[in-house]
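> Here it is, the structure, as structure tokens.
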Amino acid sequence: MELFDVISEKETVNKDKISGRIETSGFCCDTRVLRAGDTFFAIPGAKSDGGEFAAEAVKKGACAVVAEKPFEREFSVPVVLVKDVRKAFAKACFFTAGQPQKKLKIIGVTGTNGKTTIASAVKKILSDAGKKCALFTTVGYDVCGAFYPSSHTTPPPEKLAPLFAQAVENGAEYAVMEVSSHSIAQKRIAVIDFEVGIFTNITRDHLDYHKTMEEYAAVKASFFEQCEHSIINADDEKAQQMAQKAKSKVYFVSEKDAEASFFIKDTKLSVSGITYTLSCKNSNIDISVPITGDFNIYNTSQAAATALILGIDKDTIARSLRGFGGAPGRMETVCREKLPFSVIIDYAHTPDALEKALYACKKITSSKLWCVFGCGGNRDHGKRPEMGKAAASIADIAVITSDNPRTEEPDAIISDIVKGVPEGKNNYITITDRKKAIEYTLAHAEAGDTILLAGKGHETYIDDKNGKHYFSEKDVVINFTERNGF
């Protein structure tokens, strides 16, 4: 394989200074897995610069180094300078995999909340319509014949490209994927043309990476430059910013604007599910979904709109959503038939998501609402008091606990959360051990109560200073239920 078959002269800054061919056996950005004969891409990172490892890469047998800036020292192999090393690396990865992204119709979902649910719903509708569809979410990667646990919401190109190739080999026609702000900023998806792009909402998240909400929103908006069709939640305040970047056709979904491309009306919410009518092009689809949460009205309506744009008929969409049980750990009810109170597990780990989940639970609760939650360590500290405020303001009882403290002390994180509890509110307790916090809440809940276990969702681990170890909230609830004879 010749390097300049992958990196064009247009991308190369110093092509005139490089003579001859550069034969390469592969592409790599991590010296730990580099093989002799690979081209090393020196990618700048948040914590370290790939350029710092260029000498090591050459020593291990790299045939060339690709970078954005020249090095102060000379190397024994060619140094190719490009305008955008991240994009060049993504292009190389997909080239090596046989350009699988060009053999799929790809649907991308971006936004702060709702991505996993929408992606899972779209995948189910397409599958029920007889289409073979791969799925890439925070929960895992389904390549139509194999399932892999998720390493990233959106995998890096060296992982995503071969996964796409495997999906194509397994007969996939479509791929639905979550598109994180990190993946957009880091050009992981830079060489993908999306058939449909979906925008859910923008609320505070990842400010440890993006620094400001303005930067965060701008990154999200840039995604729609790659989308042939854009489906935008018109009721989010950033809707127009997203639409202005859209490459082609824009469709708005709204519960407030009857003139929107897709108008949501006649909504009903209960503990057993949601119903509403989706009005579009002078026709209606009556939709019933057996999952709760009023935000899931937006999620499933955007999934339905996507399917309509892709040519799926209304009856198939309605029938498919009637059997959609949601995504794992997203407003997921546990032991519904055994307990006299409701237990709902949700991934809500941002202030807005927690607030929405609590209000959704409030609407279906006849007695007290409990909220068990924490905040992750080594992440945006500013959202901790905001989540404390939301929980203490909306829930009847907030149980503040640990949630993936990573290298931080759990009690220090809890202290940050408590600072947000409104003055005069004493409706909270702190229990550092998450298992004990859940069991305490289960032991004290009464008939008609609702318990929201927020923050971990589908995760089956706790990440602390000792690393990751197994922990399943669902197992805790099931074991408690069995031990106490429910």
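Residues in the structure tokens are named by chain (A, B, ... in the order shown) and by number from 1 within that chain; ligands are numbered from 1 in the order shown.
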Can you tell me which residues surround Asp236 of chain A at a distance of at most 9 Å, considering only C-alpha atoms, apart from same-chain residues fewer than 4 positions away, and format the answer as a PyMOL selection string?

chain A and resi 200-202+232+240

> Selected residues, all heavy atoms, written as a compact mmCIF listing (two decimals), in the first residue's frame, please.


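Dumped to selection24.txt:
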```txt
# COMPACT_ATOMS: atom_id res chain seq x y z
N THR A 200 -31.03 15.95 19.24
CA THR A 200 -31.97 15.76 20.35
C THR A 200 -32.12 17.04 21.17
O THR A 200 -33.19 17.63 21.22
CB THR A 200 -31.51 14.61 21.26
OG1 THR A 200 -30.25 14.95 21.87
CG2 THR A 200 -31.35 13.32 20.48
N ASN A 201 -31.05 17.49 21.79
CA ASN A 201 -31.09 18.65 22.67
C ASN A 201 -29.68 19.01 23.09
O ASN A 201 -28.74 18.23 22.89
CB ASN A 201 -31.94 18.36 23.92
CG ASN A 201 -31.57 17.02 24.56
OD1 ASN A 201 -30.45 16.83 25.03
ND2 ASN A 201 -32.50 16.08 24.55
N ILE A 202 -29.52 20.18 23.67
CA ILE A 202 -28.23 20.61 24.23
C ILE A 202 -28.46 21.08 25.66
O ILE A 202 -29.25 21.98 25.91
CB ILE A 202 -27.62 21.78 23.43
CG1 ILE A 202 -27.09 21.30 22.09
CG2 ILE A 202 -26.50 22.45 24.24
CD1 ILE A 202 -25.73 20.67 22.12
N ILE A 232 -34.38 17.83 13.39
CA ILE A 232 -34.02 18.72 14.49
C ILE A 232 -35.18 18.84 15.47
O ILE A 232 -36.33 19.07 15.06
CB ILE A 232 -33.68 20.14 13.95
CG1 ILE A 232 -32.63 20.07 12.85
CG2 ILE A 232 -33.26 21.06 15.09
CD1 ILE A 232 -31.26 19.68 13.27
N GLN A 240 -32.14 26.24 15.89
CA GLN A 240 -31.80 27.03 14.71
C GLN A 240 -30.29 26.99 14.44
O GLN A 240 -29.86 26.99 13.28
CB GLN A 240 -32.30 28.46 14.86
CG GLN A 240 -33.81 28.60 14.78
CD GLN A 240 -34.38 28.06 13.48
OE1 GLN A 240 -33.79 28.21 12.40
NE2 GLN A 240 -35.54 27.44 13.57
```

> DSSP on the backbone: what in segment 1-150 of chain A comes out strand (DSSP E or B), as a VMD selection string?

chain A and resid 2 12 23 26 to 28 38 to 41 44 49 64 to 67 79 to 82 105 to 110 133 to 136 140 to 142 147 to 149

> As number ranges by chain, please: the residues near His229 of chain A (cut-off 7 Å, only C-alpha atoms, same-chain neighbours under 2 positions excluded).

A: 195-197, 227, 231, 248-250

> Need the shell around segment 349-359 of chain A: protein/DNA/RNA residues with any atom at most 6 Å away, counting only C-alpha atoms. Skip same-chain ones fewer than 4 positions apart. Format as a ChimeraX atom specification?

/A:386-387,390,455

> Enumerate, as a ChimeraX atom specification, the complete set of residues in segment 245-332 of chain A that a backbone-based DSSP assignment places in helix (DSSP H, G or I).

/A:295-309,314-322

> So that I can see what lies close to Ala217 of chain A, please list as a list in words the residues with an atom at most 10 Å from it, counting only C-alpha atoms and leaving out residues fewer than 6 positions away in the same chain.

Gly111, Thr112, Ser181, Asn201, Ile202, Thr203, Arg204, His210, Lys238, Gln241 and Met242 of chain A
